[in-house]
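Asks: Take this structure, written in structure tokens, and hold onto it; I'll ask about it next.
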Amino acid sequence: MSATAGTAGLESWIRAFAAAISAHAEELTRLDSAIGDADHGANMARGMTAVVAKLDEGPQDGTAPGVLLKQVGMTLVSTVGGASGPLYGTFFLRMATAAGDRTELGVDGFAEAFRAGLGGIVARGKAEAGDKTMFDALAPAADALDAALAAGDELGAALQAASRAADAGRDATTPLLARKGRASYLGERSVGHQDPGATSAALLVAAAADVLA
């Protein structure tokens, strides 16, 4: 298992996330059509396509992880419509700031950066646990990373635990009453539908576990 993630590993993570979004775009749109604007899949696919195009412009070798993460965040903010662009963009921008000038991220650095990204989402979206948002997948993942760090686990094992936690958080959104975003306008009709943001967030963590473990 990988003990650290350098720029190349993080780039592989981002590319894997883009591939997962492409593969699940119709599912994300279907979920969003039930409780949102039916555009989450299309918006995320457009944004991640732009991110990959930016990565393809030149080699990332020698680029610090923080610089790469900042590029991803800025691209998402500028290309993704709706709420998901600013939220995902802020996540990566805050990760970049937390990564600083480190050349590699171990489980401690990745957990710190991930927690910072989650904090950015909270600051921008004001979401809390149980609101039926991407927070409900990302917060358990951050908690799992922190627990793995405390237990002395390597990055691979930590990310696998985080992915399991994110999946459980995603699934737990189905019976919830939405309290944020477009879905909150539906009231009781939002109950019984899996949240699309939590679904794409779980894909993000799963991609990290697949590539960096």
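Chain labels A, B, ... are given in the sequence in which chains occur in the structure tokens; within each chain residues are numbered consecutively from 1, and ligands are likewise numbered from 1 in the order shown.
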Extract the full set of helix (DSSP H, G or I) residues from stretch 38-181 of chain A according to DSSP on the backbone, and format it as JSON, numbers by chain.
Replies: {"A": [40, 41, 42, 43, 44, 45, 46, 47, 48, 49, 50, 51, 52, 53, 54, 55, 56, 65, 66, 67, 68, 69, 70, 71, 72, 73, 74, 75, 76, 77, 78, 79, 84, 85, 86, 87, 88, 89, 90, 91, 92, 93, 94, 95, 96, 97, 98, 99, 107, 108, 109, 110, 111, 112, 113, 114, 115, 116, 117, 118, 119, 120, 121, 122, 123, 124, 125, 135, 136, 137, 138, 139, 140, 141, 142, 143, 144, 145, 146, 147, 148, 149, 150, 151, 155, 156, 157, 158, 159, 160, 161, 162, 163, 164, 165, 166, 167, 168, 169, 170, 171]}
Asks: Applying 12 Å and only C-alpha atoms, which residues near A:Ala137 remain after dropping the ones on its own chain fewer than 6 positions away? List them as a PyMOL selection string.
Replies: chain A and resi 118+127-131+143-144+162-174+194-206
Asks: Could the residues of stretch 65-90 of chain A that have an atom at most 10 Å from stretch 29-39 of chain A be listed as CSV, each with its closest atom pair and the distance in Å to one decimal, counting only C-alpha atoms and ordered by chain and ascending residue number?
Replies:
residue,atom,partner,partner_atom,distance
A:Gly81,CA,A:Asp39,CA,8.8
A:Gly82,CA,A:Asp39,CA,8.2
A:Ser84,CA,A:Asp39,CA,9.9
Asks: Using N, CA and C atoms, can you export the residues from the last selection as a compact mmCIF listing (two decimals), in the first residue's frame?
Replies:
# COMPACT_ATOMS: atom_id res chain seq x y z
N GLY A 81 -21.46 24.76 -13.50
CA GLY A 81 -22.59 25.56 -13.09
C GLY A 81 -23.23 25.04 -11.83
N GLY A 82 -24.26 25.74 -11.38
CA GLY A 82 -24.99 25.31 -10.19
C GLY A 82 -24.15 25.45 -8.93
N SER A 84 -22.55 22.86 -7.46
CA SER A 84 -21.47 21.89 -7.36
C SER A 84 -20.11 22.47 -7.74
Asks: Could you please determine the separation between atom CA of A:Glu26 and atom CA of A:Val80 in Å, to one decimal place?
Replies: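 Going from atom CA of A:Glu26 over to atom CA of A:Val80, I get 16.5 Å.
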Asks: So what do you get for atom CA of A:Met48 versus atom CA of A:Thr4, distance-wise?
Replies: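 Spanning atom CA of A:Met48 to atom CA of A:Thr4 is a straight-line distance of 24.1 Å.
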Asks: Under the rule that only C-alpha atoms are counted, which of A:Met95, A:Leu87, A:Ala8, A:Ile14 is the nearest residue to A:Thr63?
Replies: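 Of all the options, A:Ala8 lies closest to A:Thr63.
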Asks: Skip stretch 69-71 of chain A itself and residues of its chain fewer than 2 positions away, then list as a short mmCIF file (atom, residue, chain, number, x, y, z; two decimals) with N, CA, C and O atoms, in the first residue's frame all residues within 10 Å of it, counting only C-alpha atoms.
Replies:
data_model
loop_
_atom_site.label_atom_id
_atom_site.label_comp_id
_atom_site.auth_asym_id
_atom_site.auth_seq_id
_atom_site.Cartn_x
_atom_site.Cartn_y
_atom_site.Cartn_z
N THR A 7 2.58 14.32 -6.39
CA THR A 7 1.78 14.98 -7.42
C THR A 7 1.26 13.98 -8.45
O THR A 7 0.10 14.06 -8.87
N LEU A 10 -1.69 12.13 -7.00
CA LEU A 10 -2.87 12.98 -6.90
C LEU A 10 -3.48 13.24 -8.28
O LEU A 10 -4.70 13.30 -8.42
N GLU A 11 -2.62 13.39 -9.29
CA GLU A 11 -3.14 13.55 -10.64
C GLU A 11 -3.90 12.29 -11.07
O GLU A 11 -4.97 12.39 -11.70
N ILE A 14 -7.31 12.44 -9.53
CA ILE A 14 -8.22 13.36 -10.21
C ILE A 14 -8.72 12.76 -11.53
O ILE A 14 -9.91 12.87 -11.87
N VAL A 51 -11.09 19.82 -16.33
CA VAL A 51 -9.94 19.56 -15.46
C VAL A 51 -8.93 18.66 -16.17
O VAL A 51 -7.72 18.93 -16.16
N LYS A 54 -7.05 20.42 -18.83
CA LYS A 54 -6.02 21.27 -18.24
C LYS A 54 -4.79 20.43 -17.87
O LYS A 54 -3.65 20.85 -18.11
N LEU A 55 -5.03 19.26 -17.31
CA LEU A 55 -3.92 18.37 -16.97
C LEU A 55 -3.17 17.93 -18.22
O LEU A 55 -1.94 17.75 -18.20
N ALA A 64 4.25 20.97 -7.37
CA ALA A 64 3.90 20.60 -6.01
C ALA A 64 2.44 20.17 -5.95
O ALA A 64 1.61 20.68 -6.71
N PRO A 65 2.09 19.22 -5.05
CA PRO A 65 0.69 18.81 -4.93
C PRO A 65 -0.26 19.98 -4.73
O PRO A 65 -1.35 20.01 -5.30
N GLY A 66 0.16 20.96 -3.93
CA GLY A 66 -0.70 22.11 -3.68
C GLY A 66 -1.02 22.89 -4.94
O GLY A 66 -2.14 23.38 -5.12
N VAL A 67 -0.04 23.00 -5.84
CA VAL A 67 -0.25 23.71 -7.11
C VAL A 67 -1.25 22.95 -7.98
O VAL A 67 -2.14 23.54 -8.59
N GLY A 73 -9.12 23.07 -8.48
CA GLY A 73 -10.17 23.87 -7.85
C GLY A 73 -10.59 25.06 -8.68
O GLY A 73 -11.79 25.33 -8.86
N MET A 74 -9.61 25.77 -9.22
CA MET A 74 -9.92 26.95 -10.02
C MET A 74 -10.64 26.58 -11.31
O MET A 74 -11.54 27.29 -11.75
N THR A 75 -10.27 25.45 -11.90
CA THR A 75 -10.94 25.00 -13.12
C THR A 75 -12.40 24.66 -12.84
O THR A 75 -13.30 25.01 -13.62
N LEU A 76 -12.65 23.98 -11.73
CA LEU A 76 -14.03 23.62 -11.40
C LEU A 76 -14.88 24.85 -11.11
O LEU A 76 -16.03 24.94 -11.54
N GLY A 89 -14.96 23.13 -6.19
CA GLY A 89 -13.81 24.00 -6.39
C GLY A 89 -13.22 24.46 -5.08
O GLY A 89 -11.99 24.44 -4.89
N THR A 90 -14.07 24.86 -4.16
CA THR A 90 -13.60 25.29 -2.84
C THR A 90 -12.94 24.14 -2.10
O THR A 90 -11.93 24.33 -1.41
N PHE A 91 -13.48 22.94 -2.25
CA PHE A 91 -12.89 21.77 -1.60
C PHE A 91 -11.42 21.62 -2.02
O PHE A 91 -10.52 21.48 -1.18
N PHE A 92 -11.17 21.65 -3.32
CA PHE A 92 -9.81 21.47 -3.81
C PHE A 92 -8.92 22.67 -3.50
O PHE A 92 -7.72 22.51 -3.22
N LEU A 93 -9.48 23.86 -3.52
CA LEU A 93 -8.68 25.05 -3.20
C LEU A 93 -8.24 25.02 -1.74
O LEU A 93 -7.09 25.37 -1.42
N ARG A 94 -9.13 24.61 -0.86
CA ARG A 94 -8.76 24.52 0.56
C ARG A 94 -7.77 23.37 0.78
O ARG A 94 -6.87 23.47 1.62
N MET A 95 -7.93 22.27 0.05
CA MET A 95 -6.94 21.20 0.11
C MET A 95 -5.57 21.72 -0.30
O MET A 95 -4.54 21.40 0.33
N ALA A 96 -5.54 22.52 -1.35
CA ALA A 96 -4.29 23.07 -1.85
C ALA A 96 -3.61 23.93 -0.79
O ALA A 96 -2.39 23.83 -0.57
N THR A 97 -4.38 24.77 -0.14
CA THR A 97 -3.82 25.63 0.90
C THR A 97 -3.24 24.81 2.04
O THR A 97 -2.15 25.09 2.55
N ALA A 99 -2.18 21.72 1.86
CA ALA A 99 -1.01 20.98 1.39
C ALA A 99 0.24 21.83 1.42
O ALA A 99 1.35 21.31 1.62
#
Asks: What's the separation between atom CA of A:Arg115 and atom CA of A:Phe135, in Å to one decimal place?
Replies: 11.4 Å
Asks: Which residue, A:Ala3, A:Ala178, A:Leu28, A:Leu145, has the smallest gap to A:Glu112 when you use only C-alpha atoms?
Replies: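 Nearest candidate to A:Glu112 out of A:Ala3, A:Ala178, A:Leu28, A:Leu145: A:Leu145.
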Asks: List the neighbours of A:Ser22 out to 10 Å using only C-alpha atoms; skip same-chain residues closer than 4 positions along the sequence, and give me the result as a VMD selection string.
Replies: chain A and resid 16 to 18 26 to 28 41 to 42 44 to 46 48 to 49
Asks: I need the residue nearest A:Thr103 from this list: A:Glu154, A:Ile121, A:Gly6, A:Asn43. Use only C-alpha atoms for the distance.
Replies: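 Nearest candidate to A:Thr103 out of A:Glu154, A:Ile121, A:Gly6, A:Asn43: A:Gly6.
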Asks: Could you tell me which of A:Ala142, A:Ala19, A:Ala207, A:Ala213 comes closest to A:Ala111 if we count only C-alpha atoms?
Replies: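 Residue with the minimum atom-to-atom distance to A:Ala111: A:Ala142.
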Asks: Tell me which of A:Ala141, A:Leu212, A:Met134, A:Ala161 sits closest to A:Phe114, counting only C-alpha atoms.
Replies: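 With only C-alpha atoms as the atom set, the closest residue is A:Ala141.
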